[in-house]
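Below is the file model-v6.txt, which contains compact mmCIF, C-alpha atoms and all ligand atoms.
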# COMPACT_ATOMS: atom_id res chain seq x y z
CA MET A 1 -81.76 59.03 -44.19
CA THR A 2 -85.21 60.19 -43.02
CA SER A 3 -85.44 62.65 -40.20
CA ALA A 4 -87.10 59.97 -38.03
CA ALA A 5 -84.13 57.65 -38.60
CA ALA A 6 -81.78 60.51 -37.94
CA ALA A 7 -83.55 61.30 -34.68
CA ALA A 8 -83.31 57.64 -33.68
CA ALA A 9 -79.58 57.61 -34.47
CA THR A 10 -79.01 60.68 -32.35
CA SER A 11 -81.10 59.45 -29.48
CA SER A 12 -79.43 56.05 -29.36
CA ALA A 13 -76.00 57.63 -29.55
CA THR A 14 -76.87 59.98 -26.73
CA LYS A 15 -78.21 57.07 -24.67
CA MET A 16 -75.06 55.08 -25.29
CA PHE A 17 -72.95 57.80 -23.78
CA SER A 18 -75.22 58.94 -21.01
CA THR A 19 -73.56 56.47 -18.64
CA ALA A 20 -70.00 57.09 -19.79
CA THR A 21 -67.71 59.28 -17.72
CA ASP A 22 -65.15 61.61 -19.16
CA ASN A 23 -62.56 58.85 -18.90
CA CYS A 24 -61.91 57.79 -22.46
CA SER A 25 -61.22 54.17 -21.51
CA HIS A 26 -64.91 53.63 -20.64
CA ARG A 27 -65.82 54.35 -24.21
CA ILE A 28 -63.33 51.88 -25.52
CA PHE A 29 -64.91 49.08 -23.48
CA LEU A 30 -68.15 49.97 -25.17
CA VAL A 31 -66.57 49.85 -28.61
CA THR A 32 -64.81 46.59 -27.82
CA ASP A 33 -68.15 45.13 -26.81
CA LEU A 34 -69.34 45.67 -30.35
CA GLN A 35 -66.68 43.17 -31.42
CA VAL A 36 -66.20 44.70 -34.80
CA ARG A 37 -63.02 43.69 -36.57
CA ARG A 38 -60.91 44.21 -39.68
CA PRO A 39 -63.59 44.59 -42.39
CA TRP A 40 -64.07 48.10 -41.07
CA ARG A 41 -60.44 49.06 -41.42
CA SER A 42 -60.53 51.58 -44.22
CA SER A 43 -60.30 55.32 -44.39
CA ALA A 44 -63.13 55.34 -46.97
CA PHE A 45 -65.34 53.65 -44.39
CA LEU A 46 -64.31 56.26 -41.86
CA ARG A 47 -65.04 59.16 -44.18
CA THR A 48 -68.41 57.74 -45.12
CA SER A 49 -69.29 57.06 -41.49
CA ARG A 50 -68.42 60.59 -40.48
CA THR A 51 -70.49 62.01 -43.33
CA ILE A 52 -73.52 59.89 -42.40
CA CYS A 53 -73.20 60.84 -38.75
CA THR A 54 -72.82 64.50 -39.60
CA HIS A 55 -75.98 64.51 -41.73
CA ALA A 56 -77.94 62.41 -39.28
CA CYS A 57 -77.05 64.39 -36.22
CA THR A 58 -77.33 67.83 -37.77
CA ALA A 59 -80.81 67.01 -39.05
CA ALA A 60 -81.94 65.62 -35.74
CA SER A 61 -80.51 68.05 -33.28
CA PRO A 62 -78.50 70.97 -34.60
CA ARG A 63 -77.46 72.24 -31.18
CA SER A 64 -75.97 69.03 -29.82
CA SER A 65 -74.82 67.69 -33.14
CA SER A 66 -71.11 68.37 -32.87
CA SER A 67 -70.60 66.46 -29.63
CA VAL A 68 -72.65 63.53 -30.90
CA ILE A 69 -70.75 63.54 -34.18
CA ASN A 70 -67.51 63.40 -32.23
CA GLU A 71 -68.67 60.52 -30.10
CA LEU A 72 -69.80 58.58 -33.15
CA ALA A 73 -66.59 59.41 -34.96
CA ASN A 74 -64.71 58.02 -31.93
CA ILE A 75 -66.66 54.78 -32.19
CA PHE A 76 -66.19 54.39 -35.92
CA THR A 77 -62.53 55.31 -35.71
CA ALA A 78 -61.93 52.74 -33.00
CA MET A 79 -63.92 50.18 -34.99
CA ALA A 80 -61.77 50.82 -38.02
CA THR A 81 -58.50 49.80 -36.45
CA GLU A 82 -57.03 47.54 -33.83
CA ALA A 83 -54.23 48.57 -31.50
CA SER A 84 -51.48 48.99 -34.00
CA ALA A 85 -49.36 52.01 -33.21
CA LYS A 86 -45.69 51.47 -32.54
CA VAL A 87 -44.86 52.60 -29.00
CA ILE A 88 -42.22 55.34 -29.01
CA ASP A 89 -40.27 54.32 -25.96
CA GLY A 90 -38.87 57.53 -24.47
CA LYS A 91 -37.68 55.72 -21.38
CA SER A 92 -35.28 53.47 -23.28
CA VAL A 93 -34.15 56.22 -25.70
CA ALA A 94 -33.43 58.48 -22.69
CA LYS A 95 -31.39 55.69 -21.10
CA GLU A 96 -29.37 55.33 -24.29
CA ILE A 97 -28.73 59.10 -24.35
CA ARG A 98 -27.72 59.13 -20.67
CA GLU A 99 -25.18 56.40 -21.41
CA GLU A 100 -23.76 58.41 -24.32
CA ILE A 101 -23.52 61.49 -22.07
CA ALA A 102 -21.91 59.55 -19.21
CA SER A 103 -19.23 58.23 -21.53
CA GLU A 104 -18.53 61.75 -22.89
CA ILE A 105 -18.24 63.09 -19.35
CA SER A 106 -15.74 60.33 -18.43
CA ARG A 107 -13.69 61.24 -21.49
CA MET A 108 -13.78 64.93 -20.52
CA LYS A 109 -12.78 64.20 -16.93
CA GLU A 110 -9.87 61.98 -17.99
CA SER A 111 -8.69 64.41 -20.60
CA ILE A 112 -8.99 67.83 -18.88
CA GLY A 113 -9.95 66.96 -15.30
CA VAL A 114 -13.26 68.83 -15.47
CA VAL A 115 -16.86 67.65 -15.00
CA PRO A 116 -19.92 69.70 -16.00
CA GLY A 117 -21.89 71.49 -13.27
CA LEU A 118 -25.62 72.28 -13.19
CA ALA A 119 -27.25 74.70 -10.72
CA VAL A 120 -30.97 74.33 -10.05
CA ILE A 121 -33.01 76.99 -8.27
CA LEU A 122 -36.37 75.99 -6.81
CA VAL A 123 -38.66 78.61 -5.30
CA GLY A 124 -41.71 77.64 -3.26
CA ASP A 125 -43.19 74.33 -2.24
CA ARG A 126 -45.02 72.97 -5.27
CA LYS A 127 -44.90 69.21 -5.03
CA ASP A 128 -44.64 68.65 -8.79
CA SER A 129 -41.73 71.11 -9.09
CA ALA A 130 -39.95 69.48 -6.13
CA THR A 131 -40.32 66.08 -7.81
CA TYR A 132 -38.97 67.39 -11.15
CA VAL A 133 -35.97 68.97 -9.39
CA ARG A 134 -35.27 65.79 -7.42
CA ASN A 135 -35.36 63.75 -10.64
CA LYS A 136 -33.05 66.21 -12.40
CA LYS A 137 -30.55 66.01 -9.52
CA LYS A 138 -30.66 62.20 -9.56
CA ALA A 139 -30.12 62.14 -13.33
CA CYS A 140 -27.10 64.49 -12.97
CA GLU A 141 -25.53 62.12 -10.46
CA SER A 142 -26.14 59.14 -12.74
CA VAL A 143 -24.05 60.63 -15.57
CA GLY A 144 -21.35 62.41 -13.54
CA ILE A 145 -22.65 66.01 -13.66
CA LYS A 146 -22.11 67.90 -10.39
CA SER A 147 -25.36 69.46 -9.25
CA TYR A 148 -25.86 72.55 -7.09
CA GLU A 149 -29.28 73.09 -5.56
CA VAL A 150 -30.85 76.19 -4.06
CA CYS A 151 -34.31 75.90 -2.47
CA LEU A 152 -35.99 79.16 -1.52
CA ALA A 153 -39.22 79.81 0.37
CA GLU A 154 -42.39 80.75 -1.51
CA ASP A 155 -42.22 84.32 -0.13
CA SER A 156 -38.59 84.91 -1.13
CA SER A 157 -37.93 88.07 -3.08
CA GLU A 158 -37.11 88.28 -6.76
CA GLN A 159 -33.89 90.05 -5.70
CA GLU A 160 -32.82 86.95 -3.81
CA VAL A 161 -33.32 84.74 -6.87
CA LEU A 162 -31.42 87.26 -9.03
CA LYS A 163 -28.58 87.26 -6.49
CA TYR A 164 -28.19 83.47 -6.79
CA ILE A 165 -28.36 83.62 -10.57
CA SER A 166 -25.64 86.28 -10.61
CA GLY A 167 -23.44 84.13 -8.34
CA PHE A 168 -23.88 81.10 -10.61
CA ASN A 169 -23.26 83.22 -13.73
CA ASP A 170 -19.85 84.13 -12.24
CA ASP A 171 -18.97 80.63 -11.02
CA PRO A 172 -16.83 78.73 -13.58
CA SER A 173 -17.69 75.35 -12.04
CA VAL A 174 -21.34 75.95 -12.96
CA ASN A 175 -21.99 75.42 -16.68
CA GLY A 176 -25.78 75.38 -16.64
CA ILE A 177 -28.39 77.29 -14.61
CA LEU A 178 -32.02 76.20 -14.38
CA VAL A 179 -34.75 78.09 -12.54
CA GLN A 180 -37.64 75.69 -12.06
CA LEU A 181 -40.92 77.12 -13.38
CA PRO A 182 -43.51 78.24 -12.55
CA LEU A 183 -42.19 80.89 -10.18
CA PRO A 184 -44.45 82.31 -7.45
CA SER A 185 -46.81 84.90 -8.91
CA HIS A 186 -45.13 87.87 -7.18
CA MET A 187 -41.99 87.31 -9.26
CA ASN A 188 -41.42 88.61 -12.76
CA GLU A 189 -40.52 85.52 -14.78
CA GLN A 190 -39.08 87.56 -17.63
CA ASN A 191 -36.62 89.40 -15.32
CA VAL A 192 -35.48 86.11 -13.84
CA LEU A 193 -35.04 84.22 -17.11
CA THR A 194 -33.27 87.13 -18.80
CA ALA A 195 -30.78 87.24 -15.91
CA VAL A 196 -29.43 83.77 -16.77
CA SER A 197 -26.30 84.14 -18.90
CA ILE A 198 -27.05 82.82 -22.41
CA GLU A 199 -23.92 80.62 -22.23
CA LYS A 200 -25.42 78.87 -19.17
CA ASP A 201 -29.08 78.95 -20.28
CA VAL A 202 -29.46 75.16 -20.53
CA ASP A 203 -33.27 75.56 -20.43
CA GLY A 204 -33.09 77.70 -23.58
CA PHE A 205 -35.59 80.17 -22.08
CA ASN A 206 -33.51 83.35 -22.30
CA PRO A 207 -35.26 85.53 -24.95
CA LEU A 208 -31.98 85.72 -26.89
CA ASN A 209 -31.93 81.95 -27.30
CA ILE A 210 -35.64 81.80 -28.15
CA GLY A 211 -35.17 84.69 -30.61
CA CYS A 212 -32.40 82.81 -32.42
CA LEU A 213 -34.59 79.70 -32.49
CA ALA A 214 -37.32 81.70 -34.22
CA MET A 215 -35.05 83.24 -36.87
CA ARG A 216 -33.75 81.70 -40.04
CA ASP A 217 -29.97 81.39 -40.33
CA ARG A 218 -29.48 81.87 -36.58
CA GLU A 219 -28.40 79.17 -34.15
CA PRO A 220 -29.57 79.32 -30.53
CA LEU A 221 -26.93 78.19 -28.02
CA PHE A 222 -29.59 76.02 -26.36
CA VAL A 223 -33.00 74.68 -27.29
CA PRO A 224 -35.72 74.12 -24.60
CA CYS A 225 -35.47 70.57 -23.28
CA THR A 226 -39.01 69.19 -23.70
CA PRO A 227 -39.51 70.19 -27.36
CA LYS A 228 -35.93 69.15 -28.11
CA GLY A 229 -36.77 65.75 -26.60
CA CYS A 230 -39.87 65.46 -28.81
CA ILE A 231 -37.83 66.10 -31.97
CA GLU A 232 -35.07 63.74 -30.81
CA LEU A 233 -37.68 60.98 -30.45
CA LEU A 234 -38.93 61.62 -34.00
CA HIS A 235 -35.33 61.49 -35.29
CA ARG A 236 -34.39 58.35 -33.40
CA TYR A 237 -37.54 56.58 -34.62
CA GLY A 238 -36.85 57.63 -38.22
CA VAL A 239 -40.02 59.71 -38.55
CA PRO A 240 -39.68 62.03 -41.55
CA ILE A 241 -40.49 65.68 -40.71
CA LYS A 242 -39.51 67.59 -43.84
CA GLY A 243 -42.57 68.57 -45.90
CA LYS A 244 -44.97 66.95 -43.41
CA ARG A 245 -47.97 68.62 -41.82
CA ALA A 246 -47.45 69.07 -38.08
CA VAL A 247 -49.90 70.29 -35.49
CA VAL A 248 -48.80 71.48 -32.07
CA ILE A 249 -51.61 71.61 -29.54
CA GLY A 250 -50.78 74.26 -26.93
CA ARG A 251 -48.71 77.45 -27.23
CA SER A 252 -46.82 77.68 -23.93
CA ASN A 253 -43.39 79.30 -23.77
CA ILE A 254 -41.95 76.09 -22.33
CA VAL A 255 -43.25 73.56 -24.86
CA GLY A 256 -45.83 74.51 -27.51
CA MET A 257 -44.21 77.64 -28.93
CA PRO A 258 -40.63 76.27 -29.14
CA ALA A 259 -41.93 72.90 -30.43
CA ALA A 260 -43.64 74.71 -33.32
CA LEU A 261 -40.45 76.67 -34.06
CA LEU A 262 -38.35 73.50 -34.02
CA LEU A 263 -40.71 71.66 -36.37
CA GLN A 264 -40.63 74.63 -38.72
CA ARG A 265 -36.82 74.60 -38.66
CA GLU A 266 -37.10 70.97 -39.76
CA ASP A 267 -39.20 72.07 -42.76
CA ALA A 268 -42.58 70.85 -41.52
CA THR A 269 -45.69 72.90 -42.28
CA VAL A 270 -46.85 73.80 -38.80
CA SER A 271 -50.20 74.78 -37.30
CA VAL A 272 -50.64 75.71 -33.65
CA VAL A 273 -53.94 74.81 -32.04
CA HIS A 274 -54.81 76.66 -28.82
CA SER A 275 -57.64 77.48 -26.46
CA ARG A 276 -59.21 79.97 -28.90
CA THR A 277 -58.96 77.78 -31.98
CA LYS A 278 -62.44 77.28 -33.44
CA ASN A 279 -61.99 73.83 -34.98
CA PRO A 280 -59.11 72.09 -33.17
CA GLU A 281 -60.27 68.59 -34.13
CA GLU A 282 -60.42 69.29 -37.85
CA ILE A 283 -57.02 70.96 -37.86
CA THR A 284 -55.42 68.18 -35.83
CA ARG A 285 -56.95 65.56 -38.12
CA GLU A 286 -54.86 67.02 -40.98
CA ALA A 287 -51.58 66.35 -39.20
CA ASP A 288 -48.93 63.75 -40.02
CA ILE A 289 -47.26 64.65 -36.72
CA VAL A 290 -49.13 65.78 -33.60
CA ILE A 291 -47.40 67.21 -30.54
CA ALA A 292 -49.91 67.63 -27.72
CA ALA A 293 -48.91 69.94 -24.87
CA VAL A 294 -52.02 71.35 -23.23
CA GLY A 295 -51.98 69.90 -19.73
CA GLN A 296 -55.50 68.46 -19.91
CA ALA A 297 -55.95 64.73 -19.41
CA ASN A 298 -57.27 62.81 -22.46
CA MET A 299 -58.35 65.96 -24.26
CA VAL A 300 -57.22 64.73 -27.68
CA ARG A 301 -59.54 61.91 -28.70
CA GLY A 302 -59.09 59.20 -31.27
CA SER A 303 -61.36 61.10 -33.66
CA TRP A 304 -58.81 63.96 -33.76
CA ILE A 305 -56.10 61.70 -35.17
CA LYS A 306 -55.44 61.05 -38.84
CA PRO A 307 -54.88 57.33 -39.49
CA GLY A 308 -51.15 56.64 -39.69
CA SER A 309 -50.01 59.85 -38.01
CA VAL A 310 -47.32 60.05 -35.32
CA VAL A 311 -48.42 61.31 -31.91
CA ILE A 312 -46.10 62.81 -29.30
CA ASP A 313 -47.88 63.34 -26.00
CA VAL A 314 -46.21 65.83 -23.67
CA GLY A 315 -48.98 65.87 -21.03
CA ILE A 316 -48.37 64.44 -17.58
CA ASN A 317 -51.69 64.87 -15.78
CA PRO A 318 -52.67 63.26 -12.48
CA VAL A 319 -56.16 61.72 -12.67
CA GLU A 320 -58.06 60.12 -9.83
CA ASP A 321 -57.71 56.35 -9.73
CA ALA A 322 -59.09 54.48 -6.74
CA GLU A 323 -57.35 51.29 -7.89
CA SER A 324 -53.92 52.87 -7.68
CA LYS A 325 -52.05 52.83 -4.36
CA ARG A 326 -51.43 56.57 -4.63
CA GLY A 327 -55.09 57.26 -5.43
CA TYR A 328 -54.16 58.69 -8.81
CA ARG A 329 -52.42 57.74 -12.02
CA LEU A 330 -50.75 59.77 -14.74
CA ALA A 331 -52.55 60.39 -18.03
CA GLY A 332 -51.38 62.21 -21.13
CA ASP A 333 -53.15 64.93 -23.07
CA VAL A 334 -54.06 62.29 -25.63
CA CYS A 335 -56.53 59.47 -25.01
CA TYR A 336 -53.96 56.72 -25.52
CA GLU A 337 -56.44 53.85 -25.77
CA GLU A 338 -58.17 55.49 -28.71
CA ALA A 339 -55.24 57.18 -30.43
CA SER A 340 -53.01 54.10 -30.33
CA LYS A 341 -55.56 52.31 -32.52
CA ILE A 342 -55.31 54.98 -35.20
CA ALA A 343 -51.81 56.45 -35.14
CA SER A 344 -48.82 54.64 -36.60
CA ALA A 345 -46.66 55.54 -33.61
CA ILE A 346 -47.34 57.14 -30.24
CA THR A 347 -45.55 58.01 -26.99
CA PRO A 348 -46.96 56.51 -23.78
CA VAL A 349 -47.49 58.43 -20.54
CA PRO A 350 -45.51 57.85 -18.42
CA GLY A 351 -42.39 56.66 -20.23
CA GLY A 352 -42.57 58.84 -23.33
CA VAL A 353 -41.53 62.48 -23.41
CA GLY A 354 -40.94 62.86 -19.64
CA PRO A 355 -37.59 60.99 -19.46
CA MET A 356 -36.47 62.74 -22.66
CA THR A 357 -36.81 66.20 -21.07
CA ILE A 358 -34.26 65.31 -18.42
CA ALA A 359 -31.96 63.61 -20.94
CA MET A 360 -31.98 66.81 -23.04
CA LEU A 361 -31.15 68.88 -19.96
CA LEU A 362 -28.09 66.69 -19.35
CA SER A 363 -27.16 66.97 -23.02
CA ASN A 364 -27.44 70.79 -22.92
CA THR A 365 -25.34 70.90 -19.74
CA LEU A 366 -22.63 68.76 -21.32
CA ALA A 367 -22.66 71.02 -24.41
CA ALA A 368 -22.32 74.10 -22.17
CA ALA A 369 -19.36 72.56 -20.33
CA LYS A 370 -17.65 71.57 -23.57
CA ARG A 371 -18.08 75.08 -24.94
CA ALA A 372 -16.85 76.74 -21.74
CA ASN A 373 -13.75 74.51 -21.66
CA ASN A 374 -13.14 74.50 -25.39
CA PHE A 375 -13.36 70.70 -25.34
CA GLN A 376 -14.49 68.88 -28.49
N1 LIG B 1 -41.33 73.58 -15.53
C1 LIG B 1 -41.93 72.67 -16.36
N2 LIG B 1 -41.08 72.28 -17.33
C2 LIG B 1 -39.93 72.97 -17.12
C3 LIG B 1 -38.69 72.98 -17.79
O1 LIG B 1 -38.46 72.31 -18.80
N3 LIG B 1 -37.75 73.83 -17.24
C4 LIG B 1 -37.98 74.59 -16.15
N4 LIG B 1 -36.99 75.38 -15.71
N5 LIG B 1 -39.13 74.58 -15.51
C5 LIG B 1 -40.11 73.77 -15.99
So, in terms of structure tokens, how does the structure I just supplied come out?
Amino acid sequence: MTSAAAAAATSSATKMFSTATDNCSHRIFLVTDLQVRRPWRSSAFLRTSRTICTHACTAASPRSSSSVINELANIFTAMATEASAKVIDGKSVAKEIREEIASEISRMKESIGVVPGLAVILVGDRKDSATYVRNKKKACESVGIKSYEVCLAEDSSEQEVLKYISGFNDDPSVNGILVQLPLPSHMNEQNVLTAVSIEKDVDGFNPLNIGCLAMRDREPLFVPCTPKGCIELLHRYGVPIKGKRAVVIGRSNIVGMPAALLLQREDATVSVVHSRTKNPEEITREADIVIAAVGQANMVRGSWIKPGSVVIDVGINPVEDAESKRGYRLAGDVCYEEASKIASAITPVPGGVGPMTIAMLLSNTLAAAKRANNFQ
């Protein structure tokens, strides 16, 4: 390609996107308008397209080349496939799990006259945390777990939280203790999480449980609920993990880090992509399994996804939406419209990982109650 042609390619690509917003669905309309169909559906075509774009854009404008390359790769990737990914339906899997748990709790109640108990401590007035806690309480009721709730003011002291934890640690009717995170910034999260007895640590956040998760030949008593839910979805949908390449995007204590440890325990080869990773797209494009947990709406574009991979989207991000009654809608970390045309299976948002987190909390609480009561 001559440099004049390359310059023209770059300029027309830039023009194409000058009117697009950051919302990935706008770009899909544009691609759909091209009305390109199946002849383009091949990974060889994709590779060639990317190579041409890379050469063209680098020659024309070295400084802006990578963003243009990505945009073009998005177009070509979307052209190459039609919506084909299987939807991994976390909502219906979670319902199935809740039914299994409810029937186990009935059996326990009939046999030893005991039901599991879960204590939830909420500090402060974050709306999202209040919603999560309300949903957890509702889910407990739906399966027969007795829930205990403590709501403390934002300016409560760490001592007060520790006092409640100590009370619940000593209370035999409480089998699981959950302190909703994040805590207000004046509290030391490590002190609080370490105070939860490991036998009641249904969140799996006590460093002893996380330590066992990280070590070979050790078994944690509990595994953090969101990553456990991600793996459960892969299992229930028959996605092979052993020997596969997995990429976890995000390295939080709650999701990214334990998700990577869990995948490694399942014999995947795991890479963790984070805010300082130099080439997140390239690394993610190698993955057979992607778990995205960054908390940034639509950050993972179609061009990041290897054709045929399985995508688990943990993100639940509110984005402005004037057409919605609430004025916002929920979007994942992955641009669903793009990725669902490339992946072989993908979780939606909402209705993917979210309901699984709560189902895993119920499952951990039931396991804690069985262990405490020596009930098989
Ligand atoms: N905040 C966001 N996710 C979680 C979770 O899984 N457990 C707790 N305790 N807090 C959270």
Please give the centre and size of the box around ligand LIG 1 (chain B) (axis-aligned, containing every atom listed in the file, 5 Å added per side), with values in Å to one decimal and written as JSON.
{"center_x": -39.5, "center_y": 73.8, "center_z": -17.2, "size_x": 14.9, "size_y": 13.1, "size_z": 13.3}
Query - Given all atoms listed in the file as the counted atoms, nearest of A:Lys127, A:Arg245, A:Lys86, A:Lys91 to ligand LIG 1 (chain B) - result: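 Among the listed residues, A:Lys127 lies closest to ligand LIG 1 (chain B).
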Find the nearest atom pair between each residue of chain A and ligand LIG 1 (chain B) for residues within 6 Å, count all atoms listed in the file, give distances in Å to one decimal, sort rows by chain and ascending number, and present the table as CSV.
residue,atom,partner,partner_atom,distance
A:Leu178,CA,B:LIG1,N4,5.2
A:Val179,CA,B:LIG1,N4,4.7
A:Gln180,CA,B:LIG1,N4,3.7
A:Leu181,CA,B:LIG1,N5,3.8
A:Pro182,CA,B:LIG1,N1,5.9
A:Asp203,CA,B:LIG1,N3,5.8
A:Cys225,CA,B:LIG1,O1,5.7
A:Thr226,CA,B:LIG1,O1,5.8
Next, the residues of the selection above should be written as an mmCIF file, in the coordinates of the input with C-alpha atoms.
data_model
loop_
_atom_site.group_PDB
_atom_site.id
_atom_site.type_symbol
_atom_site.label_atom_id
_atom_site.label_comp_id
_atom_site.auth_asym_id
_atom_site.auth_seq_id
_atom_site.Cartn_x
_atom_site.Cartn_y
_atom_site.Cartn_z
ATOM 1 C CA LEU A 178 -32.020 76.200 -14.380
ATOM 2 C CA VAL A 179 -34.750 78.090 -12.540
ATOM 3 C CA GLN A 180 -37.640 75.690 -12.060
ATOM 4 C CA LEU A 181 -40.920 77.120 -13.380
ATOM 5 C CA PRO A 182 -43.510 78.240 -12.550
ATOM 6 C CA ASP A 203 -33.270 75.560 -20.430
ATOM 7 C CA CYS A 225 -35.470 70.570 -23.280
ATOM 8 C CA THR A 226 -39.010 69.190 -23.700
#
**Report entry** Among listed residues A:His186, A:Glu219, A:Asn209, A:Asn364, nearest Cys140 of chain A (using all atoms listed in the file)
**Finding:**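 The answer is A:Asn364, which sits nearest to Cys140 of chain A.
Here the question is which of A:Cys151, A:Ile346, A:Ala259, A:Val270 gets nearest to Gly308 of chain A using all atoms listed in the file, and that residue is A:Ile346.
Here atom CA of Asp155 of chain A stands at a distance of 17.0 Å from atom CA of Asn191 of chain A.
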Query raised in the report: Please, what distance in Å, to one decimal, runs between atom CA of Asp313 of chain A and atom CA of Val300 of chain A?
Result: 9.6 Å
Report task. Determine the nearest neighbour of Ser309 of chain A from the options A:Ile241, A:Ala94, A:Cys230, A:Ala322, counting all atoms listed in the file. Result ->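 Distance minimum relative to Ser309 of chain A lands on A:Ile241.
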**Report entry** Distance criterion (only C-alpha atoms): nearest to Ser197 of chain A out of A:Leu221, A:Leu213, A:Met108, A:Val273
**Finding:**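 Nearest candidate to Ser197 of chain A out of A:Leu221, A:Leu213, A:Met108, A:Val273: A:Leu221.
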Requested in this report: Find, counting only C-alpha atoms, the residue in A:Pro172, A:Ala130, A:Val248, A:Val120 that gets nearest to Glu149 of chain A.
Outcome: A:Val120
Query raised in the report: atom CA of Ile312 of chain A and atom CA of Thr277 of chain A, how far apart in Å?
Result: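 That distance, rounded to one decimal, is 19.9 Å.
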